[in-house]
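Have a look at model-v5.cif; it's mmCIF, C-alpha atoms:
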```
data_model
loop_
_atom_site.label_atom_id
_atom_site.label_comp_id
_atom_site.auth_asym_id
_atom_site.auth_seq_id
_atom_site.Cartn_x
_atom_site.Cartn_y
_atom_site.Cartn_z
CA ASN A 1 11.30 -4.12 -13.04
CA LEU A 2 7.88 -5.08 -14.39
CA ASP A 3 8.27 -8.19 -16.54
CA GLY A 4 11.83 -7.34 -17.45
CA ASP A 5 11.36 -3.66 -18.30
CA GLU A 6 13.99 -1.44 -16.73
CA THR A 7 13.90 2.18 -15.68
CA THR A 8 17.39 3.72 -15.62
CA ALA A 9 17.97 6.67 -13.33
CA GLU A 10 20.05 9.58 -14.58
CA PRO A 11 22.56 10.88 -11.99
CA ASP A 12 22.29 13.66 -9.45
CA ASP A 13 19.18 15.70 -8.80
CA GLU A 14 17.29 14.95 -11.99
CA LYS A 15 13.52 14.74 -12.32
CA ILE A 16 12.19 11.77 -14.26
CA ASP A 17 8.44 11.95 -14.86
CA GLY A 18 7.62 13.08 -11.33
CA MET A 19 10.32 11.09 -9.53
CA SER A 20 13.27 12.87 -7.97
CA VAL A 21 16.44 10.85 -8.38
CA THR A 22 19.46 11.48 -6.15
CA ASP A 23 22.68 9.56 -5.62
CA ASP A 24 24.13 9.24 -2.14
CA LEU A 25 27.64 10.54 -1.43
CA ALA A 26 29.26 7.15 -1.92
CA GLN A 27 27.27 6.68 -5.15
CA THR A 28 26.49 3.10 -4.16
CA GLU A 29 22.72 3.26 -4.54
CA THR A 30 20.04 5.40 -6.12
CA THR A 31 17.12 6.73 -4.07
CA TYR A 32 13.74 7.34 -5.65
CA GLU A 33 11.29 9.74 -4.03
CA LEU A 34 7.96 9.43 -5.77
CA ASN A 35 5.95 12.63 -6.07
CA ALA A 36 2.39 12.04 -4.82
CA THR A 37 1.23 15.17 -6.66
CA TYR A 38 2.41 13.59 -9.91
CA LEU A 39 0.51 10.35 -9.27
CA PHE A 40 -2.71 12.19 -8.45
CA SER A 41 -2.38 15.17 -10.81
CA GLY A 42 -5.65 14.30 -12.58
CA ALA A 43 -7.71 14.41 -9.35
CA GLU A 44 -7.62 10.61 -9.09
CA LYS A 45 -9.01 9.10 -5.91
CA GLY A 46 -6.83 7.07 -3.57
CA GLY A 47 -4.18 7.46 -0.91
CA PHE A 48 -0.39 7.75 -0.57
CA TYR A 49 1.23 6.62 2.69
CA ASP A 50 5.00 6.77 3.25
CA PRO A 51 6.33 5.85 6.74
CA SER A 52 9.76 7.23 5.82
CA ASP A 53 8.25 10.74 5.60
CA LEU A 54 8.19 11.74 9.28
CA SER A 55 6.28 14.92 8.43
CA THR A 56 3.22 12.69 7.87
CA LEU A 57 3.44 10.65 11.10
CA TRP A 58 1.76 11.72 14.35
CA GLN A 59 1.35 10.40 17.89
CA ASP A 60 -2.14 11.90 18.13
CA THR A 61 -5.11 11.80 15.75
CA ALA A 62 -5.26 15.61 15.51
CA GLY A 63 -1.79 15.74 14.01
CA THR A 64 -0.13 17.96 16.63
CA ILE A 65 2.45 15.64 18.26
CA ALA A 66 5.07 14.53 15.74
CA VAL A 67 6.58 11.07 15.49
CA THR A 68 10.34 11.61 15.72
CA THR A 69 12.00 8.49 17.12
CA ASP A 70 12.20 4.76 16.50
CA GLY A 71 9.56 3.12 18.69
CA ASP A 72 7.09 6.04 18.75
CA PRO A 73 3.41 5.07 18.50
CA VAL A 74 1.55 6.12 15.36
CA ALA A 75 -1.98 7.44 15.88
CA ARG A 76 -2.13 9.00 12.42
CA ILE A 77 -0.39 8.81 9.05
CA ASP A 78 -1.31 11.52 6.59
CA ASP A 79 -2.43 10.80 3.06
CA THR A 80 -0.34 13.03 0.76
CA SER A 81 -2.41 12.32 -2.38
CA GLY A 82 -4.55 15.41 -1.77
CA ASN A 83 -7.68 13.34 -1.07
CA GLY A 84 -7.44 13.69 2.71
CA TYR A 85 -7.77 9.97 3.40
CA HIS A 86 -5.66 10.11 6.56
CA LEU A 87 -5.40 6.86 8.52
CA ILE A 88 -5.98 7.13 12.28
CA GLN A 89 -6.18 5.09 15.48
CA ALA A 90 -7.40 6.81 18.65
CA ASP A 91 -7.00 3.78 20.94
CA VAL A 92 -3.42 3.86 22.28
CA ASN A 93 -3.47 0.07 22.71
CA LYS A 94 -4.15 -0.45 19.00
CA GLN A 95 -1.63 1.97 17.51
CA PRO A 96 1.15 0.56 15.32
CA THR A 97 4.74 1.60 15.96
CA TYR A 98 7.14 3.60 13.81
CA ASN A 99 10.46 1.80 13.39
CA THR A 100 13.68 2.39 11.48
CA ASP A 101 17.09 0.76 11.14
CA GLY A 102 18.59 4.02 9.92
CA THR A 103 17.97 3.18 6.27
CA LEU A 104 14.52 1.64 5.98
CA HIS A 105 11.40 2.95 7.71
CA TRP A 106 8.20 1.08 8.44
CA LEU A 107 5.09 0.74 10.59
CA THR A 108 5.04 -2.34 12.82
CA PHE A 109 1.68 -4.02 13.48
CA ASP A 110 1.68 -6.34 16.51
CA GLY A 111 -0.62 -9.09 15.16
CA VAL A 112 -2.89 -8.67 18.20
CA ASP A 113 -5.03 -5.59 17.69
CA ASP A 114 -3.05 -2.84 15.90
CA CYS A 115 -4.88 -1.19 13.01
CA LEU A 116 -5.45 2.12 11.24
CA THR A 117 -8.68 3.27 9.59
CA CYS A 118 -10.22 5.99 7.46
CA ALA A 119 -13.99 6.20 7.85
CA SER A 120 -15.05 7.14 4.32
CA VAL A 121 -13.01 6.28 1.23
CA ALA A 122 -14.31 6.10 -2.34
CA PHE A 123 -12.68 5.64 -5.72
CA GLY A 124 -14.20 7.27 -8.79
CA THR A 125 -14.42 4.30 -11.16
CA GLY A 126 -14.73 0.54 -11.45
CA GLU A 127 -10.95 0.23 -11.44
CA ALA A 128 -8.64 0.13 -8.42
CA PHE A 129 -4.96 -0.36 -7.65
CA ILE A 130 -2.96 -1.42 -4.57
CA GLY A 131 0.80 -1.00 -4.21
CA ILE A 132 2.44 -2.11 -0.95
CA GLY A 133 5.80 -3.07 0.54
CA ILE A 134 5.36 -5.55 3.38
CA GLU A 135 7.07 -8.07 5.65
CA LYS A 136 4.83 -10.57 7.43
CA THR A 137 5.69 -12.68 10.46
CA GLY A 138 3.71 -15.73 9.34
CA ASP A 139 0.80 -17.14 7.32
CA THR A 140 -2.09 -17.28 9.77
CA ASP A 141 -5.39 -15.70 8.69
CA GLN A 142 -4.75 -11.95 8.60
CA SER A 143 -6.19 -8.85 6.98
CA VAL A 144 -3.71 -6.33 5.58
CA ILE A 145 -5.93 -3.94 3.59
CA GLU A 146 -9.70 -3.90 3.32
CA LEU A 147 -11.96 -1.27 1.77
CA SER A 148 -15.23 -2.17 3.57
CA ASP A 149 -15.74 -3.97 6.85
CA ASP A 150 -16.77 -7.21 5.11
CA PRO A 151 -15.42 -7.69 1.58
CA THR A 152 -17.36 -10.91 1.05
CA THR A 153 -20.73 -9.13 1.12
CA THR A 154 -19.99 -5.52 0.10
CA ASP A 155 -20.17 -4.59 -3.59
CA GLY A 156 -17.15 -2.52 -4.59
CA SER A 157 -14.96 -3.93 -1.82
CA LEU A 158 -11.19 -4.20 -2.21
CA TYR A 159 -8.87 -6.31 -0.07
CA MET A 160 -5.49 -7.91 0.59
CA THR A 161 -5.39 -10.80 3.06
CA ILE A 162 -3.03 -13.54 4.25
CA ASP A 163 -3.88 -17.20 4.83
CA PRO A 164 -1.98 -20.51 5.10
CA THR A 165 -3.25 -21.82 1.74
CA ASN A 166 -2.86 -18.90 -0.64
CA VAL A 167 -0.25 -16.83 1.24
CA TYR A 168 -1.51 -13.44 -0.06
CA THR A 169 -4.93 -12.98 -1.65
CA PHE A 170 -5.91 -9.81 -3.51
CA GLY A 171 -9.52 -9.38 -4.50
CA SER A 172 -12.67 -7.40 -4.99
CA LYS A 173 -16.42 -7.96 -5.16
CA GLY A 174 -18.69 -6.75 -7.93
CA ALA A 175 -22.47 -6.95 -7.95
CA THR A 176 -22.57 -10.72 -8.50
CA ALA A 177 -19.20 -12.33 -7.77
CA VAL A 178 -15.76 -12.02 -6.22
CA SER A 179 -12.55 -11.83 -8.28
CA GLU A 180 -9.34 -12.99 -6.56
CA VAL A 181 -5.69 -13.55 -7.41
CA THR A 182 -3.05 -15.03 -5.11
CA GLY A 183 0.72 -14.88 -4.80
CA GLY A 184 3.71 -14.28 -2.59
CA THR A 185 6.10 -16.41 -0.58
CA ALA A 186 5.18 -18.43 2.50
CA GLY A 187 6.78 -17.70 5.84
CA ALA A 188 8.28 -14.55 7.33
CA THR A 189 9.19 -12.85 4.07
CA LYS A 190 9.65 -9.30 2.77
CA GLU A 191 8.06 -8.51 -0.61
CA TYR A 192 6.36 -5.75 -2.56
CA PHE A 193 3.17 -6.07 -4.58
CA LEU A 194 1.15 -4.30 -7.26
CA PHE A 195 -2.48 -5.31 -7.75
CA ASP A 196 -4.84 -4.09 -10.49
CA ILE A 197 -8.56 -4.82 -10.58
CA ASP A 198 -11.15 -3.75 -13.17
CA LEU A 199 -14.74 -4.62 -12.29
CA VAL A 200 -16.02 -3.51 -15.70
CA GLY A 201 -13.37 -5.27 -17.77
CA ASN A 202 -13.38 -8.30 -15.44
CA THR A 203 -9.61 -8.44 -15.06
CA GLY A 204 -7.37 -8.74 -12.03
CA GLU A 205 -3.58 -9.10 -11.94
CA VAL A 206 -0.94 -9.21 -9.22
CA PHE A 207 2.79 -8.46 -9.54
CA VAL A 208 5.18 -9.81 -6.88
CA ASN A 209 8.55 -8.05 -6.69
CA GLY A 210 7.95 -6.66 -10.19
CA VAL A 211 6.86 -9.90 -11.85
CA SER A 212 3.29 -10.74 -12.90
CA THR A 213 2.39 -13.97 -11.09
CA ALA A 214 -1.39 -14.36 -11.44
CA THR A 215 -4.43 -13.07 -13.34
CA ASP A 216 -8.18 -13.56 -13.04
CA THR A 217 -11.03 -12.88 -15.47
CA THR A 218 -14.04 -13.77 -13.31
CA GLU A 219 -17.28 -12.09 -14.40
CA THR A 220 -17.98 -9.99 -11.28
CA GLY A 221 -21.08 -8.18 -12.55
CA THR A 222 -21.50 -4.43 -12.67
CA GLY A 223 -20.07 -2.35 -9.88
CA THR A 224 -17.76 0.49 -8.98
CA PHE A 225 -15.65 1.61 -6.05
CA SER A 226 -17.50 4.94 -5.86
CA THR A 227 -19.64 4.12 -2.79
CA PRO A 228 -17.79 5.31 0.34
CA ASN A 229 -16.52 2.50 2.56
CA THR A 230 -14.21 2.27 5.57
CA LEU A 231 -10.56 1.69 4.73
CA ASN A 232 -8.98 -0.69 7.26
CA ILE A 233 -5.24 -1.32 7.48
CA GLY A 234 -4.15 -4.14 9.78
CA ALA A 235 -7.46 -5.78 10.78
CA ARG A 236 -10.83 -6.69 9.27
CA GLY A 237 -13.34 -4.07 10.27
CA GLY A 238 -10.66 -2.78 12.61
CA LEU A 239 -11.44 -5.77 14.85
CA THR A 240 -10.60 -9.25 13.55
CA ARG A 241 -7.86 -11.09 11.58
CA PRO A 242 -5.07 -8.79 12.89
CA PHE A 243 -1.93 -8.44 10.78
CA GLY A 244 1.50 -8.98 12.30
CA GLY A 245 4.49 -7.50 10.50
CA LYS A 246 5.91 -4.42 8.80
CA VAL A 247 4.47 -2.02 6.22
CA PHE A 248 7.03 0.03 4.26
CA GLY A 249 4.60 2.01 2.10
CA ILE A 250 1.11 1.90 0.60
CA ILE A 251 -0.31 3.50 -2.55
CA LEU A 252 -3.99 3.17 -3.46
CA ARG A 253 -5.41 4.64 -6.68
CA ASP A 254 -8.57 4.30 -8.73
CA SER A 255 -6.81 3.48 -12.00
CA MET A 256 -3.27 2.89 -13.18
CA THR A 257 -1.22 2.81 -16.39
CA GLY A 258 2.14 1.28 -17.25
CA VAL A 259 4.42 4.25 -16.61
CA TYR A 260 2.85 4.92 -13.21
CA GLU A 261 3.10 1.25 -12.29
CA GLN A 262 6.78 1.14 -13.21
CA HIS A 263 7.53 4.16 -11.02
CA ILE A 264 5.54 2.76 -8.12
CA ASN A 265 7.28 -0.58 -8.53
CA ASP A 266 10.70 1.10 -8.34
CA TRP A 267 9.66 3.21 -5.35
CA LEU A 268 8.31 0.22 -3.41
CA ASP A 269 11.47 -1.77 -4.15
CA ILE A 270 13.62 0.99 -2.63
CA LYS A 271 11.30 1.54 0.36
CA THR A 272 11.12 -2.18 1.09
CA ASN A 273 14.63 -3.37 0.32
CA GLY A 274 16.82 -0.24 0.36
#
```
Target format structure tokens, applied to this file:
Amino acid sequence: NLDGDETTAEPDDEKIDGMSVTDDLAQTETTYELNATYLFSGAEKGGFYDPSDLSTLWQDTAGTIAVTTDGDPVARIDDTSGNGYHLIQADVNKQPTYNTDGTLHWLTFDGVDDCLTCASVAFGTGEAFIGIGIEKTGDTDQSVIELSDDPTTTDGSLYMTIDPTNVYTFGSKGATAVSEVTGGTAGATKEYFLFDIDLVGNTGEVFVNGVSTATDTTETGTGTFSTPNTLNIGARGGLTRPFGGKVFGIILRDSMTGVYEQHINDWLDIKTNG
């Protein structure tokens, strides 16, 4: 739910605005599979990463050796948005691990040096969106997502970090200032987040488990996300502030509207919590 709004799934093999909805045999839960083609049907920029889709996970960066089993290393996860922003890690010592309990699926980052990167990512506008399901092991200084190797100095940067004071911080830098919002629960917790940022409209908002928890209206100056930057998942610049924990799914997009956000919220809830 986003601020109390509910999306009700119709039973058995229906399509609801790009989401396939199926009931399991015991009819005890509903499973949402979000269609990446639907989310990016207007040639929007961004990326769609789903660790539960084993057809997108590889043990080599070329995408020839499939991930098939709990504990396999992940050298590459394919972006299914159509933008080709595949995340890779050639160094076998820095590759996260695919894990599953039979219901949930995630990538495990060791908090030492695991990370994935895409060398050149650009959004088309001054707006950007992050959706992620995550479970952290603690609140030390960590970098979860960063578009740019140094978000404090790069115009058009986008980031999600962890620290002992703010727990999670979501932010971006325009031409003159940084806009940030914070939220989330301290300690080893499992949550899912939506973050919207508009550099032109000077608005930022974060939703935690479907509820809006913080907004920011800092005047960031002109700027867009159209300049290509490195996308880092799990470490700043692929080197420092390593993240320790689980990632259940990530969606990045250059703009977002209510119906898309509701569907992403529902999808992340299922991917993160079952």
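Among the candidates A:Asn99, A:Asn166, A:Ser157, A:Asn209, the one nearest to Val121 of chain A when counting all atoms listed in the file is A:Ser157.
You will find atom CA of Asp50 of chain A at 8.2 Å from atom CA of Ile77 of chain A.
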What residues come out when you apply the PyMOL selection byres ((chain A and resi 215) around 10) to this file, written as a PyMOL selection string? chain A and resi 179-182+195-197+203-207+212-214+216-218
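Selection by the PyMOL selection byres ((chain A and resi 189-191) around 10) on the present file picks out Ile132, Gly133, Ile134, Glu135, Lys136, Thr137, Gly138, Asp139, Gly184, Thr185, Ala186, Gly187, Ala188, Tyr192, Phe193, Val208, Asn209, Gly210, Gly245, Lys246, Val247, Phe248, Leu268, Asp269, Thr272 and Asn273 of chain A.
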With distances taken over all atoms listed in the file, the candidate from A:Cys118, A:Met256, A:Ala177, A:Ile130 nearest Tyr159 of chain A is A:Ile130
Once 5 Å is added on each side, what centre and edge lengths in Å to one decimal does the axis-aligned box around all listed atoms of segment 258-262 of chain A have, as AutoDock Vina command-line options?
```
--center_x 4.5 --center_y 3.0 --center_z -14.8 --size_x 14.6 --size_y 13.8 --size_z 15.0
```
Please provide as a PDB file with C-alpha atoms, in the coordinates of the input all residues within 10 Å of Val92 of chain A, with the sequence filter that same-chain residues fewer than 5 positions apart are discarded (counting only C-alpha atoms).
```pdb
ATOM      1  CA  GLN A  59       1.350  10.400  17.890  1.00  0.00           C
ATOM      2  CA  ASP A  60      -2.140  11.900  18.130  1.00  0.00           C
ATOM      3  CA  PRO A  73       3.410   5.070  18.500  1.00  0.00           C
ATOM      4  CA  VAL A  74       1.550   6.120  15.360  1.00  0.00           C
ATOM      5  CA  ALA A  75      -1.980   7.440  15.880  1.00  0.00           C
ATOM      6  CA  ASP A 114      -3.050  -2.840  15.900  1.00  0.00           C
TER       7      ASP A 114
END
```
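Atom CA of Cys115 of chain A to atom CA of Asp78 of chain A spans 14.7 Å [interatomic distance, one decimal].
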Go through the shown structure with the PyMOL selection byres ((chain A and resi 140-146) around 9) and write out the matching residues as a short mmCIF file (atom, residue, chain, number, x, y, z; two decimals) with C-alpha atoms, in the coordinates of the input.
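Contents of result22.cif, freshly written:
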```cif
data_model
loop_
_atom_site.label_atom_id
_atom_site.label_comp_id
_atom_site.auth_asym_id
_atom_site.auth_seq_id
_atom_site.Cartn_x
_atom_site.Cartn_y
_atom_site.Cartn_z
CA GLY A 111 -0.62 -9.09 15.16
CA GLY A 138 3.71 -15.73 9.34
CA ASP A 139 0.80 -17.14 7.32
CA LEU A 147 -11.96 -1.27 1.77
CA SER A 148 -15.23 -2.17 3.57
CA ASP A 149 -15.74 -3.97 6.85
CA ASP A 150 -16.77 -7.21 5.11
CA PRO A 151 -15.42 -7.69 1.58
CA SER A 157 -14.96 -3.93 -1.82
CA LEU A 158 -11.19 -4.20 -2.21
CA TYR A 159 -8.87 -6.31 -0.07
CA MET A 160 -5.49 -7.91 0.59
CA THR A 161 -5.39 -10.80 3.06
CA ILE A 162 -3.03 -13.54 4.25
CA ASP A 163 -3.88 -17.20 4.83
CA PRO A 164 -1.98 -20.51 5.10
CA VAL A 167 -0.25 -16.83 1.24
CA THR A 230 -14.21 2.27 5.57
CA LEU A 231 -10.56 1.69 4.73
CA ASN A 232 -8.98 -0.69 7.26
CA ILE A 233 -5.24 -1.32 7.48
CA GLY A 234 -4.15 -4.14 9.78
CA ALA A 235 -7.46 -5.78 10.78
CA ARG A 236 -10.83 -6.69 9.27
CA GLY A 237 -13.34 -4.07 10.27
CA THR A 240 -10.60 -9.25 13.55
CA ARG A 241 -7.86 -11.09 11.58
CA PRO A 242 -5.07 -8.79 12.89
CA PHE A 243 -1.93 -8.44 10.78
CA GLY A 244 1.50 -8.98 12.30
#
```
Quick one: which segment 96-194 of chain A residues come within 7 Å of segment 62-72 of chain A, and what is the nearest atom pair for each with the distance in Å to one decimal, counting only C-alpha atoms, rows ordered by chain and ascending number, as JSON lines?
```
{"residue": "A:Thr97", "atom": "CA", "partner": "A:Gly71", "partner_atom": "CA", "distance": 5.7}
{"residue": "A:Tyr98", "atom": "CA", "partner": "A:Gly71", "partner_atom": "CA", "distance": 5.5}
{"residue": "A:Asn99", "atom": "CA", "partner": "A:Asp70", "partner_atom": "CA", "distance": 4.6}
{"residue": "A:Thr100", "atom": "CA", "partner": "A:Asp70", "partner_atom": "CA", "distance": 5.7}
```
Quick one: write out the picked residues with C-alpha atoms as a PDB file, in the frame of the given file?
```pdb
ATOM      1  CA  THR A  97       4.740   1.600  15.960  1.00  0.00           C
ATOM      2  CA  TYR A  98       7.140   3.600  13.810  1.00  0.00           C
ATOM      3  CA  ASN A  99      10.460   1.800  13.390  1.00  0.00           C
ATOM      4  CA  THR A 100      13.680   2.390  11.480  1.00  0.00           C
TER       5      THR A 100
END
```
note - atom CA of Ala90 of chain A and atom CA of Ile251 of chain A are separated by 22.6 Å
Could you name the residues that touch segment 223-229 of chain A at 8 Å or less, counting only C-alpha atoms, but leaving out those on the same chain fewer than 2 positions away, as a PyMOL selection string?
chain A and resi 119-128+147-149+155-157+174-175+199-200+221+231
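Nearest residue to Trp267 of chain A, choosing from A:Leu34, A:Leu107, A:Val112, A:Leu87 and counting all atoms listed in the file: A:Leu34.
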*Could you pull the residues within 8 Å of Thr37 of chain A, counting only C-alpha atoms, minus those fewer than 2 positions along the same chain, as a ChimeraX atom specification?*
/A:35,39-41,80-82
If you count all atoms listed in the file, the residue of A:Tyr168, A:Leu57, A:Asp266, A:Asp254 closest to Ala43 of chain A turns out to be A:Asp254
Could you rebuild segment 184-194 of chain A with all heavy atoms and give it back as a PDB file, keeping the file's coordinate frame?
```pdb
ATOM      1  N   GLY A 184       2.829 -14.555  -3.709  1.00  0.00           N
ATOM      2  CA  GLY A 184       3.710 -14.280  -2.590  1.00  0.00           C
ATOM      3  C   GLY A 184       4.373 -15.534  -2.056  1.00  0.00           C
ATOM      4  O   GLY A 184       4.066 -16.655  -2.464  1.00  0.00           O
ATOM      5  N   THR A 185       5.278 -15.338  -1.117  1.00  0.00           N
ATOM      6  CA  THR A 185       6.100 -16.410  -0.580  1.00  0.00           C
ATOM      7  C   THR A 185       5.673 -16.736   0.844  1.00  0.00           C
ATOM      8  O   THR A 185       5.437 -15.832   1.648  1.00  0.00           O
ATOM      9  CB  THR A 185       7.583 -15.991  -0.583  1.00  0.00           C
ATOM     10  OG1 THR A 185       7.941 -15.585  -1.909  1.00  0.00           O
ATOM     11  CG2 THR A 185       8.469 -17.128  -0.133  1.00  0.00           C
ATOM     12  N   ALA A 186       5.573 -18.007   1.153  1.00  0.00           N
ATOM     13  CA  ALA A 186       5.180 -18.430   2.500  1.00  0.00           C
ATOM     14  C   ALA A 186       6.268 -18.081   3.513  1.00  0.00           C
ATOM     15  O   ALA A 186       7.442 -17.934   3.174  1.00  0.00           O
ATOM     16  CB  ALA A 186       4.900 -19.925   2.513  1.00  0.00           C
ATOM     17  N   GLY A 187       5.840 -17.966   4.768  1.00  0.00           N
ATOM     18  CA  GLY A 187       6.780 -17.700   5.840  1.00  0.00           C
ATOM     19  C   GLY A 187       7.007 -16.227   6.085  1.00  0.00           C
ATOM     20  O   GLY A 187       6.353 -15.367   5.514  1.00  0.00           O
ATOM     21  N   ALA A 188       7.964 -15.944   6.955  1.00  0.00           N
ATOM     22  CA  ALA A 188       8.280 -14.550   7.330  1.00  0.00           C
ATOM     23  C   ALA A 188       9.141 -13.937   6.242  1.00  0.00           C
ATOM     24  O   ALA A 188      10.374 -13.980   6.297  1.00  0.00           O
ATOM     25  CB  ALA A 188       8.979 -14.516   8.676  1.00  0.00           C
ATOM     26  N   THR A 189       8.495 -13.365   5.242  1.00  0.00           N
ATOM     27  CA  THR A 189       9.190 -12.850   4.070  1.00  0.00           C
ATOM     28  C   THR A 189       8.882 -11.373   3.839  1.00  0.00           C
ATOM     29  O   THR A 189       7.857 -10.868   4.264  1.00  0.00           O
ATOM     30  CB  THR A 189       8.788 -13.629   2.811  1.00  0.00           C
ATOM     31  OG1 THR A 189       7.359 -13.591   2.667  1.00  0.00           O
ATOM     32  CG2 THR A 189       9.247 -15.069   2.882  1.00  0.00           C
ATOM     33  N   LYS A 190       9.805 -10.709   3.128  1.00  0.00           N
ATOM     34  CA  LYS A 190       9.650  -9.300   2.770  1.00  0.00           C
ATOM     35  C   LYS A 190       9.475  -9.206   1.261  1.00  0.00           C
ATOM     36  O   LYS A 190      10.324  -9.682   0.507  1.00  0.00           O
ATOM     37  CB  LYS A 190      10.872  -8.511   3.238  1.00  0.00           C
ATOM     38  CG  LYS A 190      10.779  -7.020   2.978  1.00  0.00           C
ATOM     39  CD  LYS A 190      11.811  -6.234   3.785  1.00  0.00           C
ATOM     40  CE  LYS A 190      13.231  -6.611   3.464  1.00  0.00           C
ATOM     41  NZ  LYS A 190      14.206  -5.724   4.133  1.00  0.00           N
ATOM     42  N   GLU A 191       8.375  -8.595   0.809  1.00  0.00           N
ATOM     43  CA  GLU A 191       8.060  -8.510  -0.610  1.00  0.00           C
ATOM     44  C   GLU A 191       7.308  -7.221  -0.891  1.00  0.00           C
ATOM     45  O   GLU A 191       6.810  -6.559   0.027  1.00  0.00           O
ATOM     46  CB  GLU A 191       7.198  -9.704  -1.046  1.00  0.00           C
ATOM     47  CG  GLU A 191       7.887 -11.043  -0.883  1.00  0.00           C
ATOM     48  CD  GLU A 191       6.962 -12.222  -1.107  1.00  0.00           C
ATOM     49  OE1 GLU A 191       5.979 -12.355  -0.340  1.00  0.00           O
ATOM     50  OE2 GLU A 191       7.206 -13.002  -2.041  1.00  0.00           O
ATOM     51  N   TYR A 192       7.220  -6.878  -2.174  1.00  0.00           N
ATOM     52  CA  TYR A 192       6.360  -5.750  -2.560  1.00  0.00           C
ATOM     53  C   TYR A 192       5.446  -6.184  -3.696  1.00  0.00           C
ATOM     54  O   TYR A 192       5.796  -7.034  -4.519  1.00  0.00           O
ATOM     55  CB  TYR A 192       7.172  -4.506  -2.912  1.00  0.00           C
ATOM     56  CG  TYR A 192       8.155  -4.657  -4.047  1.00  0.00           C
ATOM     57  CD1 TYR A 192       7.819  -4.274  -5.346  1.00  0.00           C
ATOM     58  CD2 TYR A 192       9.441  -5.159  -3.822  1.00  0.00           C
ATOM     59  CE1 TYR A 192       8.723  -4.406  -6.387  1.00  0.00           C
ATOM     60  CE2 TYR A 192      10.353  -5.282  -4.854  1.00  0.00           C
ATOM     61  CZ  TYR A 192       9.991  -4.902  -6.132  1.00  0.00           C
ATOM     62  OH  TYR A 192      10.885  -5.028  -7.164  1.00  0.00           O
ATOM     63  N   PHE A 193       4.236  -5.625  -3.695  1.00  0.00           N
ATOM     64  CA  PHE A 193       3.170  -6.070  -4.580  1.00  0.00           C
ATOM     65  C   PHE A 193       2.512  -4.896  -5.302  1.00  0.00           C
ATOM     66  O   PHE A 193       2.379  -3.804  -4.739  1.00  0.00           O
ATOM     67  CB  PHE A 193       2.073  -6.780  -3.774  1.00  0.00           C
ATOM     68  CG  PHE A 193       2.510  -8.022  -3.071  1.00  0.00           C
ATOM     69  CD1 PHE A 193       3.082  -7.957  -1.811  1.00  0.00           C
ATOM     70  CD2 PHE A 193       2.351  -9.265  -3.664  1.00  0.00           C
ATOM     71  CE1 PHE A 193       3.477  -9.105  -1.140  1.00  0.00           C
ATOM     72  CE2 PHE A 193       2.749 -10.420  -3.011  1.00  0.00           C
ATOM     73  CZ  PHE A 193       3.313 -10.341  -1.751  1.00  0.00           C
ATOM     74  N   LEU A 194       2.066  -5.166  -6.531  1.00  0.00           N
ATOM     75  CA  LEU A 194       1.150  -4.300  -7.260  1.00  0.00           C
ATOM     76  C   LEU A 194      -0.064  -5.148  -7.619  1.00  0.00           C
ATOM     77  O   LEU A 194       0.081  -6.280  -8.085  1.00  0.00           O
ATOM     78  CB  LEU A 194       1.778  -3.752  -8.545  1.00  0.00           C
ATOM     79  CG  LEU A 194       3.134  -3.054  -8.478  1.00  0.00           C
ATOM     80  CD1 LEU A 194       3.524  -2.554  -9.867  1.00  0.00           C
ATOM     81  CD2 LEU A 194       3.126  -1.914  -7.487  1.00  0.00           C
TER      82      LEU A 194
END
```
